[in-house]
$ cat final-v7.txt   # compact mmCIF, C-alpha atoms and all ligand atoms
# COMPACT_ATOMS: atom_id res chain seq x y z
CA MET A 323 12.36 -26.79 -1.26
CA SER A 324 9.80 -29.41 -2.18
CA THR A 325 7.94 -28.76 -5.43
CA SER A 326 5.27 -31.39 -4.88
CA PRO A 327 1.89 -30.05 -3.84
CA THR A 328 0.91 -31.13 -0.35
CA ARG A 329 -2.77 -31.44 -1.15
CA PRO A 330 -4.79 -32.31 -4.25
CA SER A 331 -5.04 -29.34 -6.56
CA SER A 332 -7.65 -28.58 -9.21
CA ALA A 333 -4.76 -28.80 -11.69
CA THR A 334 -5.59 -25.76 -13.81
CA ASN A 335 -6.12 -22.11 -12.96
CA ALA A 336 -9.37 -22.18 -14.92
CA ALA A 337 -10.73 -25.14 -12.92
CA ALA A 338 -9.66 -23.57 -9.64
CA PHE A 339 -11.34 -20.30 -10.63
CA GLU A 340 -14.56 -22.07 -11.59
CA ARG A 341 -14.62 -23.97 -8.33
CA ALA A 342 -13.96 -20.81 -6.31
CA GLN A 343 -16.65 -18.85 -8.16
CA ARG A 344 -19.24 -21.36 -7.03
CA VAL A 345 -18.63 -20.66 -3.34
CA ILE A 346 -16.92 -17.22 -3.16
CA PRO A 347 -18.35 -14.10 -4.88
CA GLY A 348 -16.28 -13.59 -8.03
CA GLY A 349 -14.03 -16.43 -6.86
CA VAL A 350 -11.86 -14.08 -4.79
CA ASN A 351 -11.67 -12.61 -1.31
CA SER A 352 -10.50 -9.18 -2.50
CA PRO A 353 -11.81 -7.81 -5.83
CA VAL A 354 -8.57 -6.88 -7.65
CA ARG A 355 -7.48 -10.53 -7.56
CA ALA A 356 -10.25 -11.40 -10.06
CA PHE A 357 -8.35 -9.74 -12.98
CA ARG A 358 -11.48 -7.78 -13.97
CA ALA A 359 -9.41 -4.75 -15.02
CA VAL A 360 -7.17 -6.74 -17.39
CA GLY A 361 -9.40 -9.70 -18.27
CA GLY A 362 -8.34 -13.34 -18.30
CA THR A 363 -8.05 -16.03 -15.65
CA PRO A 364 -6.45 -15.23 -12.28
CA ARG A 365 -3.50 -17.41 -11.38
CA PHE A 366 -4.21 -19.59 -8.36
CA ILE A 367 -1.05 -19.71 -6.31
CA ALA A 368 0.23 -23.00 -4.97
CA ARG A 369 3.36 -21.74 -3.24
CA ALA A 370 5.98 -19.02 -3.15
CA GLU A 371 9.66 -18.76 -2.40
CA GLY A 372 12.06 -15.82 -2.63
CA ALA A 373 11.07 -13.66 -5.60
CA TYR A 374 8.84 -16.32 -7.16
CA LEU A 375 5.27 -17.55 -7.15
CA TRP A 376 4.17 -20.89 -8.60
CA ASP A 377 0.59 -21.36 -9.76
CA VAL A 378 -1.43 -24.58 -9.50
CA GLU A 379 -0.25 -25.52 -12.99
CA GLY A 380 3.35 -25.45 -11.80
CA ARG A 381 4.27 -22.29 -13.75
CA ARG A 382 6.76 -19.94 -12.12
CA TYR A 383 6.39 -16.15 -12.03
CA VAL A 384 8.74 -13.38 -10.89
CA ASP A 385 6.49 -11.68 -8.34
CA TYR A 386 6.24 -7.86 -8.42
CA ILE A 387 3.17 -7.72 -6.18
CA GLY A 388 4.62 -9.26 -3.03
CA SER A 389 1.14 -9.65 -1.52
CA TRP A 390 0.62 -5.93 -2.37
CA GLY A 391 3.65 -4.86 -0.39
CA PRO A 392 4.25 -6.91 2.75
CA MET A 393 6.78 -9.37 1.30
CA ILE A 394 9.72 -6.97 1.30
CA LEU A 395 12.16 -9.78 2.15
CA GLY A 396 10.73 -12.08 -0.50
CA HIS A 397 8.69 -15.16 0.28
CA GLY A 398 9.70 -17.66 2.92
CA HIS A 399 12.60 -15.76 4.47
CA PRO A 400 14.18 -18.30 6.87
CA ALA A 401 14.39 -15.95 9.89
CA VAL A 402 10.75 -14.95 9.45
CA LEU A 403 9.56 -18.53 9.08
CA ASP A 404 11.51 -19.56 12.19
CA ALA A 405 9.97 -16.72 14.21
CA VAL A 406 6.48 -17.65 13.05
CA ARG A 407 6.99 -21.34 13.86
CA GLU A 408 8.36 -20.57 17.31
CA ALA A 409 5.51 -18.16 18.09
CA ALA A 410 2.87 -20.61 16.84
CA ALA A 411 4.29 -23.33 19.05
CA ARG A 412 3.94 -21.04 22.09
CA GLY A 413 0.27 -20.34 21.36
CA LEU A 414 -1.84 -18.89 18.55
CA SER A 415 -3.80 -16.27 20.48
CA PHE A 416 -4.26 -15.34 24.12
CA GLY A 417 -6.58 -12.33 24.26
CA ALA A 418 -4.12 -10.96 26.82
CA PRO A 419 -1.04 -8.77 26.41
CA THR A 420 2.40 -10.12 25.45
CA GLU A 421 5.89 -8.62 25.69
CA ALA A 422 6.35 -9.02 21.94
CA GLU A 423 3.66 -6.39 21.29
CA ALA A 424 5.70 -3.78 23.16
CA GLU A 425 8.80 -4.92 21.31
CA LEU A 426 7.08 -4.40 17.94
CA ALA A 427 5.72 -1.02 19.06
CA GLU A 428 9.26 -0.03 20.09
CA ALA A 429 10.66 -1.10 16.72
CA ILE A 430 8.08 1.02 14.86
CA ILE A 431 8.51 4.05 17.11
CA ALA A 432 12.31 3.87 16.85
CA GLU A 433 12.09 4.55 13.11
CA VAL A 434 9.23 7.07 13.10
CA PRO A 435 9.98 10.16 15.21
CA SER A 436 6.44 11.60 14.82
CA VAL A 437 5.02 8.62 16.70
CA ASP A 438 5.34 8.16 20.50
CA GLN A 439 2.85 5.33 20.82
CA VAL A 440 1.09 2.89 18.52
CA ARG A 441 -1.85 0.60 18.77
CA LEU A 442 -1.73 -2.67 16.86
CA VAL A 443 -4.71 -3.88 14.83
CA SER A 444 -5.25 -6.55 12.17
CA SER A 445 -5.75 -4.73 8.84
CA GLY A 446 -4.96 -1.44 7.15
CA THR A 447 -8.68 -0.75 6.84
CA GLU A 448 -9.08 -1.07 10.59
CA ALA A 449 -6.02 1.08 11.28
CA ALA A 450 -7.14 3.93 8.97
CA MET A 451 -10.71 3.82 10.28
CA SER A 452 -9.47 3.94 13.88
CA ALA A 453 -6.98 6.73 13.12
CA LEU A 454 -9.78 8.89 11.77
CA ARG A 455 -12.00 8.16 14.76
CA LEU A 456 -9.09 9.19 16.94
CA ALA A 457 -8.61 12.43 14.98
CA ARG A 458 -12.31 13.19 15.22
CA GLY A 459 -12.35 12.36 18.93
CA ALA A 460 -9.24 14.37 19.70
CA THR A 461 -10.39 17.48 17.80
CA GLY A 462 -14.09 17.21 18.59
CA ARG A 463 -14.77 17.87 14.89
CA ALA A 464 -16.50 15.78 12.21
CA LYS A 465 -15.24 16.75 8.76
CA LEU A 466 -12.52 15.00 6.77
CA ILE A 467 -10.61 15.71 3.60
CA LYS A 468 -9.39 12.88 1.41
CA PHE A 469 -7.93 12.92 -2.09
CA GLU A 470 -9.28 11.31 -5.22
CA GLY A 471 -7.33 8.14 -6.07
CA CYS A 472 -6.01 7.60 -2.53
CA TYR A 473 -7.23 4.41 -0.91
CA HIS A 474 -7.50 4.05 2.85
CA GLY A 475 -9.28 0.72 3.12
CA HIS A 476 -13.00 0.12 2.88
CA ALA A 477 -14.42 1.90 5.93
CA ASP A 478 -17.75 3.55 5.03
CA ALA A 479 -16.68 7.18 5.46
CA LEU A 480 -13.77 6.69 3.04
CA LEU A 481 -15.63 5.03 0.16
CA VAL A 482 -16.37 8.35 -1.39
CA LYS A 483 -15.76 10.29 -4.58
CA ALA A 484 -15.84 14.00 -5.32
CA GLY A 485 -19.14 15.82 -5.57
CA SER A 486 -19.94 17.95 -8.61
CA GLY A 487 -18.67 21.33 -7.42
CA LEU A 488 -15.55 22.56 -5.72
CA ALA A 489 -15.58 22.12 -1.93
CA THR A 490 -18.79 20.13 -1.93
CA PHE A 491 -19.03 16.95 0.05
CA GLY A 492 -18.75 13.54 -1.52
CA HIS A 493 -20.86 10.75 -2.94
CA PRO A 494 -20.49 7.09 -1.89
CA THR A 495 -18.51 4.88 -4.28
CA SER A 496 -20.10 1.70 -2.94
CA ALA A 497 -23.68 0.58 -2.61
CA GLY A 498 -24.50 0.05 1.03
CA VAL A 499 -22.91 3.32 2.13
CA PRO A 500 -25.69 5.81 2.94
CA PRO A 501 -24.98 9.36 1.67
CA GLU A 502 -25.29 10.63 5.25
CA VAL A 503 -22.28 8.55 6.21
CA VAL A 504 -20.01 10.35 3.73
CA GLN A 505 -21.56 13.78 4.15
CA HIS A 506 -18.61 14.85 6.27
CA THR A 507 -15.98 13.69 3.78
CA LEU A 508 -14.67 16.23 1.28
CA VAL A 509 -12.81 14.79 -1.72
CA LEU A 510 -10.18 16.90 -3.44
CA GLU A 511 -7.78 16.45 -6.33
CA TYR A 512 -4.34 15.19 -5.32
CA ASN A 513 -1.52 17.74 -5.68
CA ASN A 514 -3.98 20.60 -6.22
CA VAL A 515 -2.95 23.43 -3.86
CA GLN A 516 -5.73 25.79 -4.98
CA GLN A 517 -8.49 23.31 -4.18
CA LEU A 518 -6.88 22.64 -0.83
CA GLU A 519 -6.81 26.34 0.04
CA ALA A 520 -10.42 26.80 -1.06
CA ALA A 521 -11.54 23.83 1.06
CA PHE A 522 -9.75 25.17 4.15
CA ASP A 523 -11.20 28.63 3.52
CA ALA A 524 -14.68 27.17 3.47
CA HIS A 525 -14.41 24.50 6.17
CA GLY A 526 -11.11 24.93 8.06
CA GLY A 527 -12.70 25.31 11.50
CA GLU A 528 -14.77 22.13 11.10
CA LEU A 529 -12.04 19.84 9.81
CA ALA A 530 -10.91 17.01 12.08
CA ALA A 531 -8.36 15.60 9.66
CA VAL A 532 -6.86 15.45 6.24
CA VAL A 533 -5.92 11.90 5.30
CA VAL A 534 -3.39 11.36 2.55
CA GLU A 535 -1.21 8.70 0.99
CA PRO A 536 2.02 10.78 0.91
CA ILE A 537 3.18 8.71 -2.05
CA ALA A 538 -0.02 7.35 -3.51
CA GLY A 539 0.25 3.66 -4.34
CA ASN A 540 -3.38 3.04 -5.13
CA MET A 541 -3.28 5.16 -8.29
CA ASN A 542 -0.10 3.46 -9.51
CA PHE A 543 2.70 5.64 -8.08
CA VAL A 544 2.12 9.38 -7.62
CA ARG A 545 4.12 11.52 -5.21
CA SER A 546 2.71 14.47 -3.31
CA SER A 547 4.66 17.45 -4.63
CA LEU A 548 6.71 19.35 -2.06
CA PRO A 549 4.69 22.59 -2.46
CA PHE A 550 1.47 20.60 -1.97
CA MET A 551 2.77 18.83 1.12
CA ARG A 552 4.21 22.03 2.60
CA ARG A 553 0.90 23.86 2.14
CA LEU A 554 -1.07 20.90 3.48
CA ARG A 555 1.00 20.93 6.67
CA GLU A 556 0.66 24.71 7.04
CA LEU A 557 -3.11 24.66 6.57
CA CYS A 558 -3.64 21.77 8.99
CA THR A 559 -1.57 23.52 11.64
CA LYS A 560 -3.25 26.88 11.11
CA HIS A 561 -6.78 25.44 11.32
CA GLY A 562 -6.17 22.80 13.99
CA ALA A 563 -6.88 19.81 11.74
CA MET A 564 -4.83 16.65 12.07
CA LEU A 565 -2.63 15.59 9.19
CA VAL A 566 -3.06 11.83 8.92
CA PHE A 567 -0.42 10.01 6.86
CA ASP A 568 -1.71 6.72 5.54
CA GLU A 569 1.58 4.85 5.25
CA VAL A 570 0.00 1.40 5.09
CA MET A 571 1.81 0.93 1.78
CA THR A 572 4.77 3.33 2.06
CA GLY A 573 5.69 2.67 5.70
CA PHE A 574 8.92 0.63 5.99
CA ARG A 575 8.71 0.23 2.18
CA VAL A 576 9.87 3.48 0.51
CA ALA A 577 12.31 4.12 3.37
CA LEU A 578 12.77 2.75 6.86
CA GLY A 579 10.98 5.76 8.36
CA GLY A 580 8.32 5.74 5.64
CA ALA A 581 7.44 8.53 3.23
CA GLN A 582 7.37 10.97 6.15
CA ALA A 583 11.13 10.54 6.53
CA LEU A 584 11.56 11.70 2.92
CA TYR A 585 9.28 14.74 3.36
CA ALA A 586 11.03 15.61 6.64
CA GLN A 587 14.35 15.60 4.78
CA ALA A 588 13.03 18.00 2.16
CA LEU A 589 10.91 20.15 4.52
CA PRO A 590 12.81 20.67 7.79
CA GLY A 591 10.63 20.10 10.86
CA PHE A 592 7.93 18.37 8.86
CA ALA A 593 5.87 15.68 10.62
CA PRO A 594 2.33 14.33 10.29
CA ASP A 595 0.08 14.23 13.38
CA VAL A 596 -1.15 10.66 12.99
CA SER A 597 0.42 7.78 11.04
CA VAL A 598 -1.13 4.57 9.79
CA PHE A 599 0.90 1.46 9.02
CA GLY A 600 0.19 -2.03 7.70
CA LYS A 601 1.54 -4.36 5.03
CA VAL A 602 5.34 -4.50 5.71
CA ILE A 603 4.98 -4.27 9.52
CA GLY A 604 3.09 -7.59 9.44
CA GLY A 605 5.55 -9.25 7.05
CA GLY A 606 2.67 -11.11 5.37
CA MET A 607 0.51 -11.77 8.43
CA PRO A 608 -2.63 -9.76 9.33
CA LEU A 609 -1.18 -6.84 11.27
CA ALA A 610 -1.44 -3.06 11.05
CA ALA A 611 -1.04 -0.11 13.42
CA PHE A 612 -1.81 3.53 13.94
CA GLY A 613 0.22 5.94 16.03
CA ALA A 614 0.68 9.55 17.07
CA ARG A 615 2.08 11.74 19.81
CA ARG A 616 1.45 10.55 23.37
CA ASP A 617 -1.21 13.20 24.13
CA VAL A 618 -3.21 12.22 21.05
CA MET A 619 -2.94 8.48 21.73
CA ALA A 620 -4.09 9.11 25.33
CA GLN A 621 -7.54 9.81 23.85
CA LEU A 622 -7.91 6.07 23.14
CA ALA A 623 -9.67 3.60 25.42
CA PRO A 624 -8.88 2.53 28.10
CA LEU A 625 -7.21 5.91 28.84
CA GLY A 626 -9.58 8.17 26.97
CA PRO A 627 -13.04 8.44 25.41
CA VAL A 628 -12.27 7.13 21.87
CA TYR A 629 -13.28 3.47 21.71
CA GLN A 630 -11.24 0.95 19.73
CA ALA A 631 -10.65 -2.77 20.31
CA GLY A 632 -9.83 -6.11 18.66
CA THR A 633 -9.95 -9.81 19.64
CA LEU A 634 -6.92 -10.63 17.49
CA SER A 635 -5.13 -7.26 17.81
CA GLY A 636 -1.44 -7.83 18.51
CA ASN A 637 -1.83 -11.51 17.65
CA PRO A 638 1.36 -13.26 18.81
CA VAL A 639 2.09 -15.05 15.53
CA ALA A 640 1.50 -11.92 13.43
CA THR A 641 3.56 -9.86 15.87
CA ALA A 642 6.46 -12.33 15.69
CA CYS A 643 6.30 -12.24 11.88
CA GLY A 644 6.32 -8.42 11.85
CA LEU A 645 9.17 -8.23 14.34
CA ALA A 646 11.33 -10.68 12.41
CA THR A 647 10.67 -8.73 9.21
CA LEU A 648 11.54 -5.37 10.78
CA ARG A 649 14.69 -6.88 12.30
CA GLU A 650 15.92 -7.76 8.79
CA ILE A 651 15.04 -4.47 7.11
CA ARG A 652 16.61 -2.41 9.93
CA LYS A 653 20.01 -3.93 9.14
CA PRO A 654 22.44 -1.32 7.74
CA GLY A 655 22.36 -0.94 3.97
CA PHE A 656 19.09 -2.80 3.44
CA PHE A 657 17.21 0.11 1.87
CA ASP A 658 20.16 1.30 -0.21
CA ALA A 659 20.38 -2.11 -1.83
CA LEU A 660 16.62 -2.42 -2.29
CA GLY A 661 16.38 1.08 -3.74
CA ARG A 662 19.19 0.38 -6.21
CA ARG A 663 17.55 -2.84 -7.35
CA THR A 664 14.18 -1.15 -7.83
CA GLN A 665 15.82 1.68 -9.71
CA SER A 666 17.63 -0.69 -12.04
CA LEU A 667 14.28 -2.29 -12.84
CA ARG A 668 12.53 0.96 -13.63
CA GLU A 669 15.44 2.46 -15.55
CA GLY A 670 15.67 -0.79 -17.49
CA LEU A 671 11.95 -0.64 -18.30
CA ALA A 672 12.30 2.95 -19.49
CA ALA A 673 15.26 2.00 -21.71
CA VAL A 674 13.44 -0.99 -23.21
CA ALA A 675 10.41 1.24 -23.95
CA ARG A 676 12.63 3.85 -25.61
CA GLU A 677 14.12 1.14 -27.85
CA ALA A 678 10.61 0.07 -28.81
CA GLY A 679 9.46 3.66 -29.36
CA VAL A 680 6.75 3.30 -26.70
CA PRO A 681 6.01 6.28 -24.42
CA LEU A 682 6.61 5.08 -20.85
CA CYS A 683 7.30 6.98 -17.61
CA THR A 684 8.54 5.40 -14.41
CA ASP A 685 9.17 6.41 -10.83
CA SER A 686 10.27 4.58 -7.70
CA GLU A 687 11.28 5.07 -4.09
CA GLY A 688 12.85 2.35 -1.97
CA GLY A 689 11.15 -0.92 -2.90
CA MET A 690 8.04 0.58 -4.53
CA PHE A 691 7.72 1.56 -8.18
CA GLY A 692 5.27 2.68 -10.81
CA PHE A 693 5.20 2.79 -14.60
CA PHE A 694 2.77 4.53 -16.93
CA PHE A 695 2.16 4.28 -20.64
CA ALA A 696 2.23 8.06 -20.98
CA SER A 697 4.78 10.72 -21.95
CA THR A 698 4.76 12.55 -18.61
CA LEU A 699 4.31 11.35 -15.03
CA PRO A 700 0.68 11.81 -13.91
CA GLN A 701 0.13 14.07 -10.88
CA ASN A 702 -3.42 13.04 -9.98
CA TYR A 703 -6.04 10.34 -10.43
CA THR A 704 -7.61 11.77 -13.60
CA ALA A 705 -4.21 11.82 -15.28
CA VAL A 706 -3.45 8.26 -14.15
CA MET A 707 -6.73 6.99 -15.56
CA ALA A 708 -6.03 8.82 -18.85
CA THR A 709 -2.88 6.75 -19.48
CA ASP A 710 -2.99 4.07 -22.17
CA GLN A 711 -5.18 1.31 -20.73
CA PRO A 712 -5.31 -1.03 -23.78
CA ARG A 713 -1.52 -0.92 -23.97
CA PHE A 714 -1.22 -1.61 -20.23
CA ASN A 715 -3.56 -4.59 -20.45
CA GLY A 716 -1.71 -6.02 -23.45
CA PHE A 717 1.61 -5.55 -21.67
CA PHE A 718 0.31 -7.13 -18.47
CA HIS A 719 -0.76 -10.32 -20.27
CA ALA A 720 2.36 -10.47 -22.43
CA MET A 721 4.47 -10.27 -19.26
CA LEU A 722 2.35 -12.85 -17.45
CA ASP A 723 2.76 -15.23 -20.42
CA ARG A 724 6.52 -14.75 -20.03
CA GLY A 725 6.51 -15.53 -16.31
CA VAL A 726 6.41 -12.00 -14.85
CA TYR A 727 3.58 -11.22 -12.44
CA LEU A 728 2.75 -7.49 -12.41
CA ALA A 729 -0.21 -5.90 -10.64
CA PRO A 730 -3.34 -6.64 -12.72
CA ALA A 731 -4.54 -3.02 -13.04
CA LEU A 732 -2.88 0.18 -14.26
CA TYR A 733 -3.79 2.00 -11.03
CA GLU A 734 -1.69 -0.27 -8.78
CA ALA A 735 1.94 0.18 -7.70
CA GLY A 736 4.63 -2.49 -8.02
CA PHE A 737 6.97 -3.91 -5.40
CA VAL A 738 10.50 -5.26 -5.46
CA SER A 739 11.84 -7.43 -2.63
CA ALA A 740 15.31 -8.12 -1.30
CA ALA A 741 15.02 -11.57 -2.91
CA HIS A 742 14.87 -10.17 -6.46
CA SER A 743 18.27 -10.86 -8.00
CA ASP A 744 20.02 -9.15 -10.90
CA GLU A 745 19.07 -12.20 -12.96
CA ASP A 746 15.39 -11.76 -12.06
CA ILE A 747 15.54 -8.13 -13.16
CA ALA A 748 17.35 -9.10 -16.39
CA LEU A 749 14.74 -11.78 -17.10
CA THR A 750 12.00 -9.20 -16.48
CA LEU A 751 13.57 -6.68 -18.84
CA GLU A 752 13.99 -9.30 -21.58
CA ALA A 753 10.32 -10.23 -21.16
CA ALA A 754 9.42 -6.53 -21.40
CA ARG A 755 11.52 -6.18 -24.58
CA GLN A 756 9.57 -9.01 -26.19
CA ALA A 757 6.24 -7.83 -24.78
CA LEU A 758 6.68 -4.30 -26.13
CA ARG A 759 7.65 -5.65 -29.55
CA SER A 760 4.47 -7.73 -29.76
C1 LIG B 801 -3.63 -1.63 1.53
C2 LIG B 801 -3.96 -0.28 2.00
C3 LIG B 801 -4.95 -0.05 2.96
C4 LIG B 801 -5.86 -1.14 3.45
O1 LIG B 801 -5.18 -2.14 4.11
P1 LIG B 801 -5.89 -3.58 4.27
O2 LIG B 801 -4.94 -4.34 5.12
O3 LIG B 801 -6.04 -4.11 2.87
O4 LIG B 801 -7.20 -3.35 4.91
C5 LIG B 801 -5.11 1.23 3.45
N1 LIG B 801 -4.35 2.24 3.00
C6 LIG B 801 -3.41 2.07 2.05
C7 LIG B 801 -2.58 3.23 1.62
C8 LIG B 801 -3.20 0.82 1.51
O5 LIG B 801 -2.29 0.67 0.54

$ encode --input "final-v7.txt" --output "structure tokens" --more "lines below"
Ligand SMILES: *Cc1c(COP(=O)(O)O)cnc(C)c1O
Amino acid sequence: MSTSPTRPSSATNAAAFERAQRVIPGGVNSPVRAFRAVGGTPRFIARAEGAYLWDVEGRRYVDYIGSWGPMILGHGHPAVLDAVREAAARGLSFGAPTEAEAELAEAIIAEVPSVDQVRLVSSGTEAAMSALRLARGATGRAKLIKFEGCYHGHADALLVKAGSGLATFGHPTSAGVPPEVVQHTLVLEYNNVQQLEAAFDAHGGELAAVVVEPIAGNMNFVRSSLPFMRRLRELCTKHGAMLVFDEVMTGFRVALGGAQALYAQALPGFAPDVSVFGKVIGGGMPLAAFGARRDVMAQLAPLGPVYQAGTLSGNPVATACGLATLREIRKPGFFDALGRRTQSLREGLAAVAREAGVPLCTDSEGGMFGFFFASTLPQNYTAVMATDQPRFNGFFHAMLDRGVYLAPALYEAGFVSAAHSDEDIALTLEAARQALRS
């Protein structure tokens, strides 16, 4: 538990940011880290332990980002660190199969009945991209549906926003993506059953897949309604399109079996065709996966015609980290305790906002939560973006000043770990009380 830095630091966040901006575009290796949405100087992290981050200035923060989801046990869990050290000592990478990869695949499959086989990759982007190639290969069709506000990584075909009319194909949201590359991607409003039906009426026979975040965590926290999910499943089945659940964020985070376990509880017999995982299954190391029934996965090389590969796929250190993490969260009672803790945070936030007379809505599932400065819970991206942005930004900075690190954008979800104690939650709620007063 040393607090002394092991290497010279630039001493202030501002100096570290300046230095980084000279050699890295925007000073960051993933855009949201630059604080553009909320303004101000990103905190440069020196170390983390349990529920806390420390920046280069030595300031401590209660961490509600958890590396955007993976750190479900908190930082530096002893069993995870031991597993990583042992694996590293045996070798960093072999480019040949290991037994641990099958063990991790077994652990994932054991909790997700819709999945018979998985393939391990290194990022959620790679997993989602490969899952869609698989769906296209398996169906022999080209077209995709995605929903506005859902994020599936930065593969070209998924960097797309809605076109001007209903059931028209999309426009790229990034320079460098030619319009032809997204011409097969249809973008619809989340939770809008009518649009879904119209799109299937127009294009059902050409659709390879519908990809969805079942609980969207990249527009804060928005659940698919049950009627929407039921109809989505019916339409995919009727038209022979694959329902692809992107559970990179929700998998092993909202429940052990992911969001699909929750929808299967509410809609008997429900299952997606393809599932995509990441974040928690790597426990903080670069690891992700996609999986499906055996006959679908048999389409992948080397068995089938759909090509997919990776030098570092199933990396032994990442695999050991993921396995150790899953071992902990599969222990009885883990999710009940995590869910209760997350709920006490969000109910506390709602109570503090009521006291302050500030309209605030919250939702959570397992260890994932959202809060909105709005009087009703948004059901789609437009509604999320219409919530009170100035108030969110003010709240974000007021919390950061008080040692609470929330996601630096109103369209991101929050995460609670098993390391967050009642005292951490109480400290957070007291900070929120002061922040909402100011
Ligand atoms: C994070 C995320 C991704 C992308 O994963 P990376 O590992 O960042 O490439 C894809 N889908 C969802 C739902 C995510 O939350």

$ closest_atom_pairs --input "final-v7.txt" --of "chain A" --to "ligand LIG 801 (chain B)" --cutoff "6 Å" --atoms "all atoms listed in the file" --output "CSV"
residue,atom,partner,partner_atom,distance
A:Ser445,CA,B:LIG801,O2,3.8
A:Gly446,CA,B:LIG801,O1,3.1
A:Thr447,CA,B:LIG801,O4,3.6
A:Tyr473,CA,B:LIG801,N1,5.3
A:His474,CA,B:LIG801,N1,3.6
A:Gly475,CA,B:LIG801,C4,3.9
A:Glu535,CA,B:LIG801,C7,5.7
A:Asp568,CA,B:LIG801,C7,5.3
A:Glu569,CA,B:LIG801,C7,5.8
A:Val570,CA,B:LIG801,C6,4.6
A:Met571,CA,B:LIG801,O5,4.3

$ write_last_selection --input "final-v7.txt" --atoms "C-alpha atoms" --output "mmCIF file, in the coordinates of the input"
data_model
loop_
_atom_site.group_PDB
_atom_site.id
_atom_site.type_symbol
_atom_site.label_atom_id
_atom_site.label_comp_id
_atom_site.auth_asym_id
_atom_site.auth_seq_id
_atom_site.Cartn_x
_atom_site.Cartn_y
_atom_site.Cartn_z
ATOM 1 C CA SER A 445 -5.750 -4.730 8.840
ATOM 2 C CA GLY A 446 -4.960 -1.440 7.150
ATOM 3 C CA THR A 447 -8.680 -0.750 6.840
ATOM 4 C CA TYR A 473 -7.230 4.410 -0.910
ATOM 5 C CA HIS A 474 -7.500 4.050 2.850
ATOM 6 C CA GLY A 475 -9.280 0.720 3.120
ATOM 7 C CA GLU A 535 -1.210 8.700 0.990
ATOM 8 C CA ASP A 568 -1.710 6.720 5.540
ATOM 9 C CA GLU A 569 1.580 4.850 5.250
ATOM 10 C CA VAL A 570 0.000 1.400 5.090
ATOM 11 C CA MET A 571 1.810 0.930 1.780
#

$ atom_distance --input "final-v7.txt" --atom1 "CA of Ile651 in chain A" --atom2 "CA of Gly692 in chain A"
21.6 Å

$ closest_residue --input "final-v7.txt" --among "A:Val354, A:Ala754, A:Val598, A:Ile537" --to "Arg676 in chain A" --atoms "only C-alpha atoms"
A:Ala754

$ atom_distance --input "final-v7.txt" --atom1 "CA of Ala453 in chain A" --atom2 "CA of Met393 in chain A"
24.3 Å

$ closest_residue --input "final-v7.txt" --among "A:Glu752, A:Asp478, A:Glu371, A:Glu423" --to "Leu442 in chain A" --atoms "all atoms listed in the file"
A:Glu423

$ residues_around --input "final-v7.txt" --residues "Phe550 in chain A" --least-positions-apart "3" --cutoff "9 Å" --atoms "only C-alpha atoms" --output "CSV table (one decimal) with C-alpha atoms, in the frame of the given file"
chain,number,residue,atom,x,y,z
A,512,TYR,CA,-4.3,15.2,-5.3
A,513,ASN,CA,-1.5,17.7,-5.7
A,514,ASN,CA,-4.0,20.6,-6.2
A,515,VAL,CA,-3.0,23.4,-3.9
A,518,LEU,CA,-6.9,22.6,-0.8
A,546,SER,CA,2.7,14.5,-3.3
A,547,SER,CA,4.7,17.4,-4.6
A,553,ARG,CA,0.9,23.9,2.1
A,554,LEU,CA,-1.1,20.9,3.5
A,555,ARG,CA,1.0,20.9,6.7

$ closest_residue --input "final-v7.txt" --among "A:Asn351, A:Gln630, A:Ser686, A:Gln756" --to "Arg662 in chain A" --atoms "all atoms listed in the file"
A:Ser686

$ closest_residue --input "final-v7.txt" --among "A:Val434, A:Gly539, A:Glu734, A:Asp723" --to "Arg382 in chain A" --atoms "all atoms listed in the file"
A:Asp723

$ closest_residue --input "final-v7.txt" --among "A:Ala610, A:Ala586, A:Ala538, A:Ala748" --to "Tyr703 in chain A" --atoms "only C-alpha atoms"
A:Ala538

$ closest_residue --input "final-v7.txt" --among "A:Arg552, A:His561, A:Lys465, A:Lys483" --to "Leu529 in chain A" --atoms "only C-alpha atoms"
A:Lys465

$ residues_near_point --input "final-v7.txt" --point "(-13.2, 14.5, 13.1)" --cutoff "12 Å" --atoms "only C-alpha atoms" --output "PyMOL selection string"
chain A and resi 451-467+479+506-507+526-533+562-566+628

$ residues_around --input "final-v7.txt" --residues "range 502-505 of chain A" --least-positions-apart "6" --cutoff "7 Å" --atoms "all atoms listed in the file" --output "PyMOL selection string"
chain A and resi 478-479+482+491-494

$ residues_near_point --input "final-v7.txt" --point "(3.8, 6.9, 5.4)" --cutoff "6 Å" --atoms "all atoms listed in the file" --output "number ranges by chain"
A: 567-569, 572-573, 580-582
